[in-house]
Structures are given as C-alpha cells and as structure tokens.
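**Student:** Before we start, here is the structure in question, set down as structure tokens.
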Amino acid sequence: MTDARLLSSVRMAHFVAHGSLRLDAVVPPEMNAEGMEVLREGLPAVPYGTPVPEAYTEGSFVRRLLELPLVAGALLSLVGPGPAVDHHAVHIREPHEGQAQPLHGDAIIDVRTDTFDVQLMYYPHDVTLDMGGTLSVPGSHLRRTNESDTGRYQNLRGQNRLVCPAGTMVFLHHGLWHGGRRNDSDTARYMFKIRFNPAVRQRRLWNTSDLADPGVAEELATTFPWYEPATGRLEVYNRVLLWRSLTGDDSFDLDHWVTRVSNRPEGKLA
C-alpha cells in the first residue's frame, strides 16, 4: 500500500527540473501563531549532522512542524528516512531595512551531482510583494557556482519572488540560487530554514507508481527564460543524469541527449 503522503513521480520530476517544491498554507493557523512566538524568541543552534529526534525533542514546535503529514511526506520523498539536521536559522527582514541579500547558492564546496541536501523554508505569516519574500531562480540548482558569484546579477528572466499565504513551506535543492529581498513594508518578515542531509541513498523514495507517466518527461524537459539557447541545454543534460541516479534507470533520456555523449563503443570492426 502506497503512503499517500509521498510525492508522485511527476512532482518529483518537477523538483528535479525547478530545484524547488512549494506547499501553500500547509501549516494550520494555530501553529503559525505559535510559530511566530517561537521564532521571535529564537532557537538554539544544533551541532552539524544532528539526527532530527535529537535536534528537536518530541512535542516541540519544530518537531510537530516536521510531522505534519504533507511536510513529512515531502521530506521522506526527497531525503528519505532519518535525515540529519545540517543547521537551522531564523531569518528576519526588518521593515524598511533598505537592502537586499545578494543572489547566491548555499553550497560553496558542494559539487555532488547524484545526490542533494534539502533546505526547508517556513513562512509563518502572509508574505506580500512589498515584504520582499525570498527570490529564487528556477532551474539554477545544477549550474555550479561558488556561493555569491551570482551576487552581481540583480534580475534574471523567469525569477520567482515569493508571495505566499501564512503556513507555506518551500523545499529547495541545496544549489538553487536565491536571496532575501528588501522589505519595504511596515512589518517584519520571518522565515525559518532547516537544511537536511540524507542518511540513505536517494533512490525511488517517492511514490513511483506513475513513473511511466508522460508528465515526468514533460517536467524534466522544462526550460526557463534565463537559459541561454546553447548552454542552457546543459541544465537539461544534468537533469537527466540526476533523474537516472534517483531512479536507478540508466537508460532514461530526453531526445537522446545523454545517450549520444555516453556512447563509447569498445568493439572492433570485423
């Protein structure tokens, strides 16, 4: 019997292509009110690599947040059971702060291509456009940069500036380019982030019953407006490699892209 909380193959392919997955208003209002108090008070740091049960005690706010069915299902699908907490942080953008965070990726030394960490971002209140929600660049996660190398870019075609209802969760691939925008409102903006390290091989952790759905290939073939006509093809190529790793299917391809460049015949002519 399939766990109904798990992501489908089409949604997993969406994550692989976009580098993010968004769950709107998944946290109930009463928990969001509690969350605002918890975040205002702050959370103590946890040592790198702490298992979730040790980082967040049973019954604590964060533990209950992670146990919400849709949240737990997404995490299980993306990183598997028993992940470790790499680190967490409460980010606050003050009203009329006057500056934005440079566009960046969080993984300056992380060059893994067959696995990934997941960053969960929780927004306990409504985020309006003038509050400067997190900006991200869809499809940027597999283009390797060193942290703030992208900081000189101010706007990219197709970028996403987050506007969302209270209780929204966003899951990011660790390499996705993002940055907190300037808060031009009269209200402080709160965001709580946790980075998770997988403890198992990330292979077919989601609901694979729709693995043959044509929507999987459609998602993986997605292109974005900021892609260059030629170099942008490498994003799709790297996406195919990641999907092969996640599914264990070394024959999967889109338009023969990976197949042709991995062709290394060793036989001799007769």
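Letters for chains follow the order of the structure tokens (A, B, ...), residue numbers begin at 1 for each chain, and ligand numbers begin at 1 in the order shown.
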Can you tell me, as JSON, numbers by chain, what residues are no more than 12 Å from Leu78 in chain A when counting only C-alpha atoms, ignoring any on the same chain fewer than 2 positions away?
**Tutor:** {"A": [6, 7, 8, 9, 11, 12, 13, 14, 15, 16, 19, 20, 21, 71, 72, 73, 74, 75, 76, 80, 81, 82, 83, 115, 116, 117, 118, 119, 120, 171, 172, 173, 174, 196, 197, 198, 199, 200, 201, 202, 203, 204, 205, 206, 207, 246]}
**Student:** Got a sec: who's within 10 Å of Arg143 in chain A, counting only C-alpha atoms, leaving out chain neighbours fewer than 4 positions off, as a PyMOL selection string?
**Tutor:** chain A and resi 105+139+175-177+232+234-235+238
**Student:** Which one of A:Asn263, A:Thr168, A:Thr150, A:Thr231 sits closest to Phe192 in chain A if you count only C-alpha atoms?
**Tutor:**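 Closest to Phe192 in chain A of all the choices is A:Thr168.
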**Student:** Give me, as a ChimeraX atom specification, the residues of range 160-259 of chain A that a backbone DSSP run labels strand (DSSP E or B).
**Tutor:** /A:160-161,164,168-173,178-179,189-197,207
**Student:** From the list A:Val79, A:Leu135, A:Leu220, A:Leu66, which residue is nearest Met31 in chain A when using only C-alpha atoms?
**Tutor:**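 Closest candidate: A:Leu66.
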**Student:** Which neighbours of Asp186 in chain A fall inside 9 Å, counting only C-alpha atoms, when residues of the same chain fewer than 6 positions from it are skipped, and could you give them as an NGL selection string?
**Tutor:** :A and (94-96 or 131)
**Student:** How would the residues just chosen look if you wrote them out with C-alpha atoms as a PDB file, in the first residue's frame?
**Tutor:**
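Final output, saved to selection.pdb:
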```pdb
ATOM      1  CA  GLU A  94      13.189  44.249   9.302  1.00  0.00           C
ATOM      2  CA  PRO A  95      10.718  46.859   7.961  1.00  0.00           C
ATOM      3  CA  HIS A  96      12.236  49.347   5.513  1.00  0.00           C
ATOM      4  CA  MET A 131       7.655  42.435   2.201  1.00  0.00           C
TER       5      MET A 131
END
```
**Student:** Which polymer residues have any atom within 12 Å of an atom of Glu37 in chain A, counting only C-alpha atoms, with same-chain residues fewer than 5 positions away left out, as a ChimeraX atom specification?
**Tutor:** /A:30-32,42-43,61,90,124-125,190
**Student:** Just write the chosen residues, N, CA and C atoms, as a PDB file, in the first residue's frame.
**Tutor:**
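After the write, again-v4.pdb holds the following:
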```pdb
ATOM      1  N   GLU A  30      -3.318  28.001  13.873  1.00  0.00           N
ATOM      2  CA  GLU A  30      -2.926  27.991  15.282  1.00  0.00           C
ATOM      3  C   GLU A  30      -1.438  27.669  15.443  1.00  0.00           C
ATOM      4  N   MET A  31      -0.905  26.836  14.559  1.00  0.00           N
ATOM      5  CA  MET A  31       0.522  26.536  14.616  1.00  0.00           C
ATOM      6  C   MET A  31       1.352  27.720  14.126  1.00  0.00           C
ATOM      7  N   ASN A  32       0.830  28.452  13.151  1.00  0.00           N
ATOM      8  CA  ASN A  32       1.545  29.633  12.681  1.00  0.00           C
ATOM      9  C   ASN A  32       1.651  30.689  13.782  1.00  0.00           C
ATOM     10  N   GLY A  42      13.641  32.892  19.280  1.00  0.00           N
ATOM     11  CA  GLY A  42      14.871  32.304  18.739  1.00  0.00           C
ATOM     12  C   GLY A  42      15.017  30.842  19.118  1.00  0.00           C
ATOM     13  N   LEU A  43      15.804  30.138  18.348  1.00  0.00           N
ATOM     14  CA  LEU A  43      16.040  28.717  18.581  1.00  0.00           C
ATOM     15  C   LEU A  43      17.528  28.476  18.773  1.00  0.00           C
ATOM     16  N   PHE A  61       7.777  22.504  18.997  1.00  0.00           N
ATOM     17  CA  PHE A  61       7.122  23.113  17.841  1.00  0.00           C
ATOM     18  C   PHE A  61       7.725  22.621  16.526  1.00  0.00           C
ATOM     19  N   VAL A  90      16.874  31.259  11.945  1.00  0.00           N
ATOM     20  CA  VAL A  90      15.718  32.148  11.855  1.00  0.00           C
ATOM     21  C   VAL A  90      16.179  33.411  11.133  1.00  0.00           C
ATOM     22  N   PRO A 124       5.700  31.726   8.525  1.00  0.00           N
ATOM     23  CA  PRO A 124       4.576  31.606   9.451  1.00  0.00           C
ATOM     24  C   PRO A 124       3.472  32.637   9.251  1.00  0.00           C
ATOM     25  N   HIS A 125       3.713  33.633   8.391  1.00  0.00           N
ATOM     26  CA  HIS A 125       2.696  34.663   8.145  1.00  0.00           C
ATOM     27  C   HIS A 125       2.600  34.927   6.649  1.00  0.00           C
ATOM     28  N   TYR A 190       9.411  37.094   8.713  1.00  0.00           N
ATOM     29  CA  TYR A 190      10.102  35.972   9.350  1.00  0.00           C
ATOM     30  C   TYR A 190      10.168  34.776   8.402  1.00  0.00           C
TER      31      TYR A 190
END
```
**Student:** Hey, can you check how far CA of Asp24 in chain A sits from CA of Asn160 in chain A?
**Tutor:**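 Those two atoms sit 14.9 Å apart.
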**Student:** Using only C-alpha atoms, determine which residues lie at most 12 Å from Pro29 in chain A, disregarding the query and same-chain residues fewer than 2 positions distant; provide the list as a ChimeraX atom specification.
**Tutor:** /A:25-27,31-36,123-126,165-168
**Student:** I want to know what sits within 10 Å of Asn183 in chain A, based on only C-alpha atoms, with residues of the same chain fewer than 3 positions away left out; could you give that as a list in words?
**Tutor:**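 Here the qualifying residues turn out to be Ile92, Arg93, Glu94, Pro95, His96, Glu97, Gly98, Gln99, Ala100, Thr128, Leu129, Asp130, Met131, Gly132, Gly133, Gly180, Asp186, Thr187, Ala188 and Arg189 of chain A.
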**Student:** Quick one: everything within 10 Å of Ala45 in chain A, counting only C-alpha atoms, minus sequence neighbours fewer than 2 positions away in the same chain. Send it as a list in words.
**Tutor:**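 What passes the distance filter is Gly42, Leu43, Pro47, Tyr48, Ala55, His87, His88 and Ala89 of chain A.
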